[in-house]
$ cat run.cif   # mmCIF, N, CA and C atoms
data_work
loop_
_atom_site.label_atom_id
_atom_site.label_comp_id
_atom_site.auth_asym_id
_atom_site.auth_seq_id
_atom_site.Cartn_x
_atom_site.Cartn_y
_atom_site.Cartn_z
N GLU B 1 68.32 -161.94 -176.57
CA GLU B 1 67.04 -162.55 -176.84
C GLU B 1 66.36 -161.81 -177.99
N SER B 2 66.28 -160.51 -177.87
CA SER B 2 65.63 -159.70 -178.89
C SER B 2 66.37 -159.78 -180.21
N ASN B 3 67.71 -159.74 -180.16
CA ASN B 3 68.51 -159.82 -181.38
C ASN B 3 68.35 -161.18 -182.03
N ARG B 4 68.27 -162.24 -181.22
CA ARG B 4 68.11 -163.58 -181.76
C ARG B 4 66.76 -163.70 -182.44
N GLN B 5 65.72 -163.16 -181.82
CA GLN B 5 64.40 -163.20 -182.43
C GLN B 5 64.38 -162.42 -183.74
N LEU B 6 65.04 -161.29 -183.74
CA LEU B 6 65.12 -160.47 -184.94
C LEU B 6 65.84 -161.24 -186.04
N ALA B 7 66.92 -161.93 -185.70
CA ALA B 7 67.68 -162.70 -186.69
C ALA B 7 66.82 -163.83 -187.26
N VAL B 8 66.02 -164.48 -186.40
CA VAL B 8 65.14 -165.56 -186.87
C VAL B 8 64.11 -165.01 -187.84
N VAL B 9 63.52 -163.87 -187.50
CA VAL B 9 62.51 -163.28 -188.37
C VAL B 9 63.13 -162.83 -189.69
N VAL B 10 64.31 -162.23 -189.63
CA VAL B 10 64.99 -161.79 -190.85
C VAL B 10 65.31 -163.00 -191.73
N GLU B 11 65.78 -164.10 -191.12
CA GLU B 11 66.08 -165.32 -191.87
C GLU B 11 64.83 -165.87 -192.53
N ARG B 12 63.71 -165.88 -191.81
CA ARG B 12 62.45 -166.38 -192.36
C ARG B 12 62.02 -165.52 -193.55
N GLU B 13 62.11 -164.22 -193.38
CA GLU B 13 61.74 -163.31 -194.47
C GLU B 13 62.66 -163.50 -195.67
N THR B 14 63.94 -163.71 -195.42
CA THR B 14 64.91 -163.92 -196.49
C THR B 14 64.57 -165.20 -197.27
N GLN B 15 64.25 -166.27 -196.54
CA GLN B 15 63.89 -167.53 -197.19
C GLN B 15 62.63 -167.35 -198.04
N GLN B 16 61.68 -166.63 -197.49
CA GLN B 16 60.44 -166.38 -198.23
C GLN B 16 60.72 -165.58 -199.50
N LEU B 17 61.56 -164.58 -199.40
CA LEU B 17 61.91 -163.77 -200.57
C LEU B 17 62.67 -164.61 -201.61
N LYS B 18 63.53 -165.53 -201.16
CA LYS B 18 64.24 -166.41 -202.10
C LYS B 18 63.24 -167.30 -202.85
N HIS B 19 62.26 -167.81 -202.12
CA HIS B 19 61.24 -168.65 -202.76
C HIS B 19 60.46 -167.84 -203.79
N ILE B 20 60.06 -166.65 -203.40
CA ILE B 20 59.33 -165.77 -204.33
C ILE B 20 60.21 -165.45 -205.53
N HIS B 21 61.48 -165.23 -205.28
CA HIS B 21 62.42 -164.92 -206.37
C HIS B 21 62.49 -166.08 -207.37
N SER B 22 62.58 -167.30 -206.86
CA SER B 22 62.66 -168.44 -207.78
C SER B 22 61.37 -168.57 -208.59
N GLN B 23 60.23 -168.29 -207.98
CA GLN B 23 58.97 -168.32 -208.72
C GLN B 23 58.96 -167.24 -209.80
N GLU B 24 59.43 -166.08 -209.43
CA GLU B 24 59.46 -164.98 -210.39
C GLU B 24 60.43 -165.26 -211.53
N MET B 25 61.54 -165.91 -211.20
CA MET B 25 62.50 -166.26 -212.24
C MET B 25 61.88 -167.25 -213.23
N ALA B 26 61.09 -168.19 -212.71
CA ALA B 26 60.40 -169.13 -213.60
C ALA B 26 59.41 -168.38 -214.49
N ARG B 27 58.68 -167.46 -213.90
CA ARG B 27 57.73 -166.66 -214.67
C ARG B 27 58.46 -165.81 -215.70
N LEU B 28 59.58 -165.25 -215.28
CA LEU B 28 60.38 -164.43 -216.18
C LEU B 28 60.90 -165.26 -217.35
N LYS B 29 61.28 -166.51 -217.07
CA LYS B 29 61.75 -167.40 -218.12
C LYS B 29 60.64 -167.65 -219.14
N GLU B 30 59.43 -167.85 -218.62
CA GLU B 30 58.29 -168.04 -219.51
C GLU B 30 58.05 -166.78 -220.35
N ASP B 31 58.16 -165.63 -219.68
CA ASP B 31 57.98 -164.37 -220.41
C ASP B 31 59.03 -164.22 -221.51
N MET B 32 60.24 -164.64 -221.22
CA MET B 32 61.33 -164.52 -222.19
C MET B 32 61.08 -165.42 -223.39
N ILE B 33 60.55 -166.60 -223.14
CA ILE B 33 60.24 -167.51 -224.24
C ILE B 33 59.14 -166.92 -225.12
N SER B 34 58.13 -166.35 -224.47
CA SER B 34 57.05 -165.76 -225.26
C SER B 34 57.51 -164.53 -226.02
N MET B 35 58.56 -163.88 -225.54
CA MET B 35 59.07 -162.69 -226.21
C MET B 35 60.05 -163.04 -227.33
N ALA B 36 60.35 -164.31 -227.44
CA ALA B 36 61.32 -164.72 -228.46
C ALA B 36 60.86 -164.34 -229.85
N ASN B 37 59.60 -164.21 -230.01
CA ASN B 37 59.06 -163.86 -231.31
C ASN B 37 59.10 -162.36 -231.57
N LEU B 38 59.37 -161.56 -230.58
CA LEU B 38 59.43 -160.11 -230.76
C LEU B 38 60.79 -159.69 -231.28
N SER B 39 60.88 -158.48 -231.72
CA SER B 39 62.17 -157.97 -232.21
C SER B 39 63.10 -157.76 -231.03
N GLU B 40 64.39 -157.67 -231.28
CA GLU B 40 65.40 -157.49 -230.23
C GLU B 40 65.12 -156.25 -229.40
N SER B 41 64.78 -155.18 -229.98
CA SER B 41 64.52 -153.93 -229.27
C SER B 41 63.31 -154.08 -228.37
N GLU B 42 62.26 -154.68 -228.90
CA GLU B 42 61.06 -154.90 -228.09
C GLU B 42 61.35 -155.85 -226.95
N LYS B 43 62.15 -156.89 -227.25
CA LYS B 43 62.52 -157.86 -226.21
C LYS B 43 63.25 -157.16 -225.06
N MET B 44 64.23 -156.35 -225.39
CA MET B 44 65.01 -155.67 -224.36
C MET B 44 64.15 -154.70 -223.54
N THR B 45 63.28 -153.98 -224.20
CA THR B 45 62.40 -153.03 -223.51
C THR B 45 61.45 -153.77 -222.57
N ALA B 46 60.86 -154.86 -223.08
CA ALA B 46 59.92 -155.64 -222.26
C ALA B 46 60.65 -156.30 -221.09
N LEU B 47 61.83 -156.85 -221.37
CA LEU B 47 62.62 -157.50 -220.31
C LEU B 47 63.03 -156.49 -219.24
N GLU B 48 63.47 -155.33 -219.69
CA GLU B 48 63.86 -154.28 -218.74
C GLU B 48 62.67 -153.84 -217.89
N ALA B 49 61.52 -153.68 -218.53
CA ALA B 49 60.32 -153.27 -217.80
C ALA B 49 59.91 -154.34 -216.78
N ALA B 50 59.96 -155.62 -217.19
CA ALA B 50 59.61 -156.71 -216.28
C ALA B 50 60.60 -156.77 -215.11
N HIS B 51 61.88 -156.61 -215.45
CA HIS B 51 62.91 -156.64 -214.40
C HIS B 51 62.72 -155.48 -213.41
N ASN B 52 62.49 -154.29 -213.93
CA ASN B 52 62.29 -153.12 -213.07
C ASN B 52 61.05 -153.28 -212.19
N ALA B 53 59.97 -153.82 -212.78
CA ALA B 53 58.75 -154.03 -212.00
C ALA B 53 59.00 -155.04 -210.88
N GLU B 54 59.73 -156.11 -211.21
CA GLU B 54 60.04 -157.14 -210.20
C GLU B 54 60.91 -156.56 -209.09
N MET B 55 61.91 -155.80 -209.45
CA MET B 55 62.80 -155.20 -208.45
C MET B 55 62.03 -154.23 -207.56
N GLU B 56 61.15 -153.47 -208.12
CA GLU B 56 60.34 -152.53 -207.34
C GLU B 56 59.42 -153.27 -206.37
N ARG B 57 58.83 -154.38 -206.88
CA ARG B 57 57.94 -155.19 -206.03
C ARG B 57 58.72 -155.79 -204.85
N ARG B 58 59.91 -156.32 -205.12
CA ARG B 58 60.74 -156.90 -204.06
C ARG B 58 61.16 -155.84 -203.04
N LYS B 59 61.55 -154.68 -203.56
CA LYS B 59 61.96 -153.58 -202.66
C LYS B 59 60.80 -153.22 -201.74
N SER B 60 59.62 -153.12 -202.31
CA SER B 60 58.43 -152.79 -201.52
C SER B 60 58.15 -153.86 -200.47
N GLN B 61 58.28 -155.13 -200.86
CA GLN B 61 58.07 -156.23 -199.90
C GLN B 61 59.07 -156.17 -198.77
N MET B 62 60.34 -155.96 -199.11
CA MET B 62 61.37 -155.92 -198.07
C MET B 62 61.17 -154.74 -197.13
N GLU B 63 60.82 -153.58 -197.70
CA GLU B 63 60.58 -152.41 -196.85
C GLU B 63 59.41 -152.66 -195.92
N SER B 64 58.36 -153.29 -196.45
CA SER B 64 57.19 -153.60 -195.63
C SER B 64 57.54 -154.59 -194.53
N SER B 65 58.30 -155.64 -194.88
CA SER B 65 58.70 -156.63 -193.88
C SER B 65 59.57 -156.00 -192.81
N PHE B 66 60.53 -155.21 -193.24
CA PHE B 66 61.43 -154.57 -192.28
C PHE B 66 60.66 -153.61 -191.38
N SER B 67 59.75 -152.88 -191.96
CA SER B 67 58.95 -151.94 -191.18
C SER B 67 58.14 -152.68 -190.12
N ARG B 68 57.52 -153.81 -190.52
CA ARG B 68 56.76 -154.62 -189.55
C ARG B 68 57.67 -155.12 -188.44
N LEU B 69 58.83 -155.64 -188.81
CA LEU B 69 59.78 -156.15 -187.82
C LEU B 69 60.21 -155.05 -186.86
N LEU B 70 60.50 -153.91 -187.41
CA LEU B 70 60.94 -152.79 -186.59
C LEU B 70 59.84 -152.36 -185.62
N GLN B 71 58.61 -152.27 -186.11
CA GLN B 71 57.49 -151.88 -185.25
C GLN B 71 57.29 -152.92 -184.13
N ASP B 72 57.39 -154.20 -184.49
CA ASP B 72 57.24 -155.26 -183.49
C ASP B 72 58.32 -155.15 -182.42
N GLU B 73 59.57 -154.93 -182.84
CA GLU B 73 60.67 -154.82 -181.88
C GLU B 73 60.51 -153.58 -181.01
N LEU B 74 60.09 -152.48 -181.61
CA LEU B 74 59.88 -151.26 -180.82
C LEU B 74 58.78 -151.46 -179.78
N GLN B 75 57.72 -152.16 -180.17
CA GLN B 75 56.63 -152.42 -179.22
C GLN B 75 57.11 -153.31 -178.08
N LYS B 76 57.91 -154.34 -178.41
CA LYS B 76 58.45 -155.22 -177.37
C LYS B 76 59.33 -154.42 -176.41
N MET B 77 60.18 -153.57 -176.97
CA MET B 77 61.08 -152.77 -176.13
C MET B 77 60.27 -151.80 -175.26
N LYS B 78 59.24 -151.21 -175.83
CA LYS B 78 58.40 -150.28 -175.07
C LYS B 78 57.71 -151.01 -173.92
N SER B 79 57.17 -152.19 -174.20
CA SER B 79 56.50 -152.97 -173.16
C SER B 79 57.47 -153.37 -172.06
N ALA B 80 58.66 -153.81 -172.45
CA ALA B 80 59.67 -154.20 -171.46
C ALA B 80 60.08 -152.99 -170.62
N HIS B 81 60.22 -151.85 -171.26
CA HIS B 81 60.61 -150.62 -170.55
C HIS B 81 59.51 -150.22 -169.55
N GLU B 82 58.27 -150.27 -169.98
CA GLU B 82 57.15 -149.91 -169.09
C GLU B 82 57.09 -150.86 -167.90
N LEU B 83 57.30 -152.15 -168.15
CA LEU B 83 57.29 -153.14 -167.08
C LEU B 83 58.42 -152.85 -166.09
N GLU B 84 59.60 -152.54 -166.59
CA GLU B 84 60.74 -152.24 -165.73
C GLU B 84 60.49 -150.97 -164.91
N LEU B 85 59.88 -149.95 -165.53
CA LEU B 85 59.56 -148.72 -164.80
C LEU B 85 58.56 -148.99 -163.68
N LYS B 86 57.56 -149.82 -163.95
CA LYS B 86 56.58 -150.17 -162.92
C LYS B 86 57.25 -150.92 -161.77
N ARG B 87 58.17 -151.84 -162.11
CA ARG B 87 58.87 -152.60 -161.08
C ARG B 87 59.74 -151.66 -160.23
N LEU B 88 60.44 -150.74 -160.89
CA LEU B 88 61.28 -149.80 -160.16
C LEU B 88 60.44 -148.89 -159.26
N ALA B 89 59.29 -148.45 -159.76
CA ALA B 89 58.41 -147.60 -158.95
C ALA B 89 57.92 -148.36 -157.73
N ALA B 90 57.56 -149.62 -157.90
CA ALA B 90 57.10 -150.43 -156.77
C ALA B 90 58.24 -150.62 -155.77
N ASP B 91 59.45 -150.88 -156.26
CA ASP B 91 60.61 -151.04 -155.37
C ASP B 91 60.87 -149.76 -154.59
N MET B 92 60.80 -148.62 -155.29
CA MET B 92 61.05 -147.34 -154.61
C MET B 92 59.96 -147.06 -153.57
N GLU B 93 58.73 -147.36 -153.91
CA GLU B 93 57.63 -147.14 -152.97
C GLU B 93 57.81 -148.01 -151.73
N SER B 94 58.19 -149.25 -151.94
CA SER B 94 58.43 -150.17 -150.83
C SER B 94 59.58 -149.67 -149.95
N ALA B 95 60.65 -149.23 -150.59
CA ALA B 95 61.81 -148.73 -149.83
C ALA B 95 61.43 -147.46 -149.06
N ALA B 96 60.66 -146.59 -149.68
CA ALA B 96 60.24 -145.35 -149.01
C ALA B 96 59.36 -145.68 -147.80
N PHE B 97 58.45 -146.65 -147.96
CA PHE B 97 57.58 -147.04 -146.84
C PHE B 97 58.43 -147.60 -145.70
N GLU B 98 59.41 -148.43 -146.05
CA GLU B 98 60.29 -149.02 -145.03
C GLU B 98 61.11 -147.93 -144.33
N ASP B 99 61.63 -146.98 -145.11
CA ASP B 99 62.38 -145.87 -144.52
C ASP B 99 61.49 -145.05 -143.57
N LYS B 100 60.25 -144.81 -143.98
CA LYS B 100 59.32 -144.05 -143.15
C LYS B 100 59.06 -144.79 -141.84
N GLN B 101 58.85 -146.12 -141.95
CA GLN B 101 58.62 -146.93 -140.74
C GLN B 101 59.83 -146.83 -139.80
N ASN B 102 61.03 -146.96 -140.37
CA ASN B 102 62.26 -146.90 -139.56
C ASN B 102 62.40 -145.53 -138.89
N LEU B 103 62.13 -144.45 -139.63
CA LEU B 103 62.24 -143.11 -139.05
C LEU B 103 61.22 -142.90 -137.94
N GLU B 104 60.00 -143.40 -138.14
CA GLU B 104 58.98 -143.26 -137.10
C GLU B 104 59.39 -144.03 -135.84
N THR B 105 59.93 -145.23 -136.04
CA THR B 105 60.38 -146.04 -134.89
C THR B 105 61.52 -145.33 -134.16
N GLU B 106 62.49 -144.81 -134.90
CA GLU B 106 63.61 -144.09 -134.29
C GLU B 106 63.12 -142.85 -133.54
N ALA B 107 62.16 -142.13 -134.14
CA ALA B 107 61.62 -140.92 -133.50
C ALA B 107 60.92 -141.29 -132.19
N GLU B 108 60.12 -142.36 -132.20
CA GLU B 108 59.43 -142.78 -130.98
C GLU B 108 60.43 -143.16 -129.89
N GLU B 109 61.49 -143.89 -130.28
CA GLU B 109 62.50 -144.29 -129.30
C GLU B 109 63.24 -143.07 -128.75
N HIS B 110 63.51 -142.11 -129.61
CA HIS B 110 64.19 -140.88 -129.17
C HIS B 110 63.31 -140.11 -128.19
N VAL B 111 62.01 -139.99 -128.49
CA VAL B 111 61.09 -139.27 -127.60
C VAL B 111 61.02 -139.97 -126.24
N LYS B 112 60.91 -141.29 -126.25
CA LYS B 112 60.86 -142.05 -124.98
C LYS B 112 62.13 -141.84 -124.18
N SER B 113 63.26 -141.88 -124.87
CA SER B 113 64.55 -141.69 -124.21
C SER B 113 64.64 -140.30 -123.58
N GLU B 114 64.22 -139.27 -124.33
CA GLU B 114 64.26 -137.91 -123.82
C GLU B 114 63.31 -137.72 -122.65
N VAL B 115 62.11 -138.34 -122.75
CA VAL B 115 61.15 -138.23 -121.64
C VAL B 115 61.74 -138.86 -120.39
N ASN B 116 62.37 -140.02 -120.53
CA ASN B 116 63.01 -140.69 -119.38
C ASN B 116 64.14 -139.84 -118.81
N ARG B 117 64.97 -139.26 -119.68
CA ARG B 117 66.08 -138.43 -119.22
C ARG B 117 65.58 -137.22 -118.45
N VAL B 118 64.58 -136.52 -119.01
CA VAL B 118 64.04 -135.32 -118.37
C VAL B 118 63.35 -135.69 -117.06
N THR B 119 62.64 -136.81 -117.05
CA THR B 119 61.97 -137.26 -115.82
C THR B 119 62.99 -137.50 -114.71
N ILE B 120 64.10 -138.16 -115.06
CA ILE B 120 65.15 -138.42 -114.06
C ILE B 120 65.76 -137.11 -113.58
N GLU B 121 66.01 -136.17 -114.51
CA GLU B 121 66.56 -134.88 -114.12
C GLU B 121 65.60 -134.14 -113.17
N LEU B 122 64.31 -134.18 -113.50
CA LEU B 122 63.31 -133.51 -112.65
C LEU B 122 63.23 -134.18 -111.28
N GLN B 123 63.28 -135.51 -111.27
CA GLN B 123 63.24 -136.21 -109.97
C GLN B 123 64.46 -135.85 -109.13
N ASN B 124 65.63 -135.81 -109.78
CA ASN B 124 66.85 -135.45 -109.04
C ASN B 124 66.79 -134.01 -108.54
N ALA B 125 66.31 -133.10 -109.42
CA ALA B 125 66.20 -131.70 -109.02
C ALA B 125 65.19 -131.56 -107.88
N HIS B 126 64.08 -132.30 -107.96
CA HIS B 126 63.07 -132.26 -106.91
C HIS B 126 63.63 -132.78 -105.59
N ALA B 127 64.36 -133.90 -105.69
CA ALA B 127 64.96 -134.46 -104.47
C ALA B 127 65.95 -133.49 -103.85
N ALA B 128 66.75 -132.82 -104.69
CA ALA B 128 67.73 -131.84 -104.17
C ALA B 128 67.00 -130.66 -103.54
N GLU B 129 65.93 -130.19 -104.18
CA GLU B 129 65.15 -129.07 -103.66
C GLU B 129 64.50 -129.46 -102.33
N MET B 130 63.99 -130.67 -102.25
CA MET B 130 63.35 -131.14 -101.01
C MET B 130 64.39 -131.23 -99.89
N ALA B 131 65.59 -131.73 -100.23
CA ALA B 131 66.65 -131.84 -99.23
C ALA B 131 67.05 -130.45 -98.74
N LYS B 132 67.13 -129.50 -99.67
CA LYS B 132 67.49 -128.13 -99.31
C LYS B 132 66.41 -127.52 -98.41
N SER B 133 65.14 -127.72 -98.80
CA SER B 133 64.03 -127.18 -97.99
C SER B 133 64.01 -127.83 -96.62
N LEU B 134 64.27 -129.12 -96.56
CA LEU B 134 64.28 -129.84 -95.28
C LEU B 134 65.41 -129.31 -94.39
N ASP B 135 66.58 -129.06 -95.01
CA ASP B 135 67.71 -128.50 -94.23
C ASP B 135 67.36 -127.12 -93.69
N GLU B 136 66.71 -126.28 -94.52
CA GLU B 136 66.32 -124.94 -94.08
C GLU B 136 65.32 -125.03 -92.93
N ALA B 137 64.34 -125.91 -93.09
CA ALA B 137 63.32 -126.06 -92.05
C ALA B 137 63.97 -126.54 -90.75
N LYS B 138 64.92 -127.46 -90.88
CA LYS B 138 65.62 -128.00 -89.71
C LYS B 138 66.41 -126.88 -89.01
N ARG B 139 67.11 -126.02 -89.80
CA ARG B 139 67.88 -124.93 -89.23
C ARG B 139 66.96 -123.95 -88.52
N LYS B 140 65.82 -123.62 -89.13
CA LYS B 140 64.88 -122.70 -88.52
C LYS B 140 64.35 -123.28 -87.20
N PHE B 141 64.05 -124.55 -87.25
CA PHE B 141 63.51 -125.20 -86.05
C PHE B 141 64.56 -125.19 -84.95
N GLU B 142 65.78 -125.52 -85.31
CA GLU B 142 66.86 -125.52 -84.33
C GLU B 142 67.11 -124.12 -83.80
N SER B 143 66.98 -123.11 -84.70
CA SER B 143 67.17 -121.73 -84.31
C SER B 143 66.06 -121.32 -83.34
N MET B 144 64.85 -121.73 -83.59
CA MET B 144 63.73 -121.40 -82.72
C MET B 144 63.91 -122.08 -81.35
N LEU B 145 64.41 -123.27 -81.34
CA LEU B 145 64.61 -123.99 -80.10
C LEU B 145 65.72 -123.33 -79.28
N SER B 146 66.74 -122.89 -79.93
CA SER B 146 67.85 -122.28 -79.21
C SER B 146 67.45 -120.90 -78.68
N GLU B 147 66.53 -120.21 -79.31
CA GLU B 147 66.07 -118.92 -78.84
C GLU B 147 65.17 -119.11 -77.62
N GLU B 148 64.50 -120.17 -77.53
CA GLU B 148 63.61 -120.44 -76.40
C GLU B 148 64.39 -120.88 -75.19
N VAL B 149 65.50 -121.42 -75.33
CA VAL B 149 66.26 -121.91 -74.19
C VAL B 149 67.00 -120.80 -73.58
#
$ encode --input "run.cif" --output "structure tokens"
Amino acid sequence: ESNRQLAVVVERETQQLKHIHSQEMARLKEDMISMANLSESEKMTALEAAHNAEMERRKSQMESSFSRLLQDELQKMKSAHELELKRLAADMESAAFEDKQNLETEAEEHVKSEVNRVTIELQNAHAAEMAKSLDEAKRKFESMLSEEV
């Protein structure tokens, strides 16, 4: 997409420069006719100066156009990069929030499971202790009864 846009802009600039070139060539032709009355040496010097000035002007125009195009493309790339970074940051934040939620849920389930396990162990230990105490009390009672008889 970016390369295609760049190619379109370069083509437009090229067409514009061709048009300017044809206008300059017409002007140059007029200048050459007006110089026909000058001596050969003066003609060559004037023609060379006009040609050099035109070439310098075109070079400056092309550099300016290219610089503008480059700055525009860099700005587009920078904007696209910033947008992508913001999207990635939002995605990461969302994923981190989801991970945090999942960890909290797992931790709550683990705590409940451990509380249930420990409660059952305590109930079993309590029941065993009660059975042991009941057996001891029963033996003492039976021992007391047998001593009385």
$ atom_distance --input "run.cif" --atom1 "atom C of B:Gln123" --atom2 "atom N of B:Asp135"
15.8 Å
$ atom_distance --input "run.cif" --atom1 "atom CA of B:His21" --atom2 "atom CA of B:Ser64"
16.5 Å
$ closest_residue --input "run.cif" --among "B:Leu47, B:Ser143, B:Ala95, B:Val9" --to "B:Met32" --atoms "all atoms listed in the file"
B:Leu47
$ atom_distance --input "run.cif" --atom1 "atom CA of B:Gln75" --atom2 "atom CA of B:Asn3"
14.2 Å
$ resolve_selection --input "run.cif" --expression "the PyMOL selection byres (((chain B and resi 58 and name CA) around 12) and name CA)" --output "list in words"
Glu13, Thr14, Gln16, Leu17, Lys18, His19, Ile20, His21, Glu24, His51, Asn52, Ala53, Glu54, Met55, Glu56, Arg57, Lys59, Ser60, Gln61, Met62, Glu63, Ser64 and Ser65 of chain B
$ write_last_selection --input "run.cif" --atoms "N, CA and C atoms" --output "JSON list (two decimals), keeping the file's coordinate frame"
[["chain", "number", "residue", "atom", "x", "y", "z"],
["B", 13, "GLU", "N", 62.11, -164.22, -193.38],
["B", 13, "GLU", "CA", 61.74, -163.31, -194.47],
["B", 13, "GLU", "C", 62.66, -163.50, -195.67],
["B", 14, "THR", "N", 63.94, -163.71, -195.42],
["B", 14, "THR", "CA", 64.91, -163.92, -196.49],
["B", 14, "THR", "C", 64.57, -165.20, -197.27],
["B", 16, "GLN", "N", 61.68, -166.63, -197.49],
["B", 16, "GLN", "CA", 60.44, -166.38, -198.23],
["B", 16, "GLN", "C", 60.72, -165.58, -199.50],
["B", 17, "LEU", "N", 61.56, -164.58, -199.40],
["B", 17, "LEU", "CA", 61.91, -163.77, -200.57],
["B", 17, "LEU", "C", 62.67, -164.61, -201.61],
["B", 18, "LYS", "N", 63.53, -165.53, -201.16],
["B", 18, "LYS", "CA", 64.24, -166.41, -202.10],
["B", 18, "LYS", "C", 63.24, -167.30, -202.85],
["B", 19, "HIS", "N", 62.26, -167.81, -202.12],
["B", 19, "HIS", "CA", 61.24, -168.65, -202.76],
["B", 19, "HIS", "C", 60.46, -167.84, -203.79],
["B", 20, "ILE", "N", 60.06, -166.65, -203.40],
["B", 20, "ILE", "CA", 59.33, -165.77, -204.33],
["B", 20, "ILE", "C", 60.21, -165.45, -205.53],
["B", 21, "HIS", "N", 61.48, -165.23, -205.28],
["B", 21, "HIS", "CA", 62.42, -164.92, -206.37],
["B", 21, "HIS", "C", 62.49, -166.08, -207.37],
["B", 24, "GLU", "N", 59.43, -166.08, -209.43],
["B", 24, "GLU", "CA", 59.46, -164.98, -210.39],
["B", 24, "GLU", "C", 60.43, -165.26, -211.53],
["B", 51, "HIS", "N", 61.88, -156.61, -215.45],
["B", 51, "HIS", "CA", 62.91, -156.64, -214.40],
["B", 51, "HIS", "C", 62.72, -155.48, -213.41],
["B", 52, "ASN", "N", 62.49, -154.29, -213.93],
["B", 52, "ASN", "CA", 62.29, -153.12, -213.07],
["B", 52, "ASN", "C", 61.05, -153.28, -212.19],
["B", 53, "ALA", "N", 59.97, -153.82, -212.78],
["B", 53, "ALA", "CA", 58.75, -154.03, -212.00],
["B", 53, "ALA", "C", 59.00, -155.04, -210.88],
["B", 54, "GLU", "N", 59.73, -156.11, -211.21],
["B", 54, "GLU", "CA", 60.04, -157.14, -210.20],
["B", 54, "GLU", "C", 60.91, -156.56, -209.09],
["B", 55, "MET", "N", 61.91, -155.80, -209.45],
["B", 55, "MET", "CA", 62.80, -155.20, -208.45],
["B", 55, "MET", "C", 62.03, -154.23, -207.56],
["B", 56, "GLU", "N", 61.15, -153.47, -208.12],
["B", 56, "GLU", "CA", 60.34, -152.53, -207.34],
["B", 56, "GLU", "C", 59.42, -153.27, -206.37],
["B", 57, "ARG", "N", 58.83, -154.38, -206.88],
["B", 57, "ARG", "CA", 57.94, -155.19, -206.03],
["B", 57, "ARG", "C", 58.72, -155.79, -204.85],
["B", 59, "LYS", "N", 61.55, -154.68, -203.56],
["B", 59, "LYS", "CA", 61.96, -153.58, -202.66],
["B", 59, "LYS", "C", 60.80, -153.22, -201.74],
["B", 60, "SER", "N", 59.62, -153.12, -202.31],
["B", 60, "SER", "CA", 58.43, -152.79, -201.52],
["B", 60, "SER", "C", 58.15, -153.86, -200.47],
["B", 61, "GLN", "N", 58.28, -155.13, -200.86],
["B", 61, "GLN", "CA", 58.07, -156.23, -199.90],
["B", 61, "GLN", "C", 59.07, -156.17, -198.77],
["B", 62, "MET", "N", 60.34, -155.96, -199.11],
["B", 62, "MET", "CA", 61.37, -155.92, -198.07],
["B", 62, "MET", "C", 61.17, -154.74, -197.13],
["B", 63, "GLU", "N", 60.82, -153.58, -197.70],
["B", 63, "GLU", "CA", 60.58, -152.41, -196.85],
["B", 63, "GLU", "C", 59.41, -152.66, -195.92],
["B", 64, "SER", "N", 58.36, -153.29, -196.45],
["B", 64, "SER", "CA", 57.19, -153.60, -195.63],
["B", 64, "SER", "C", 57.54, -154.59, -194.53],
["B", 65, "SER", "N", 58.30, -155.64, -194.88],
["B", 65, "SER", "CA", 58.70, -156.63, -193.88],
["B", 65, "SER", "C", 59.57, -156.00, -192.81]]
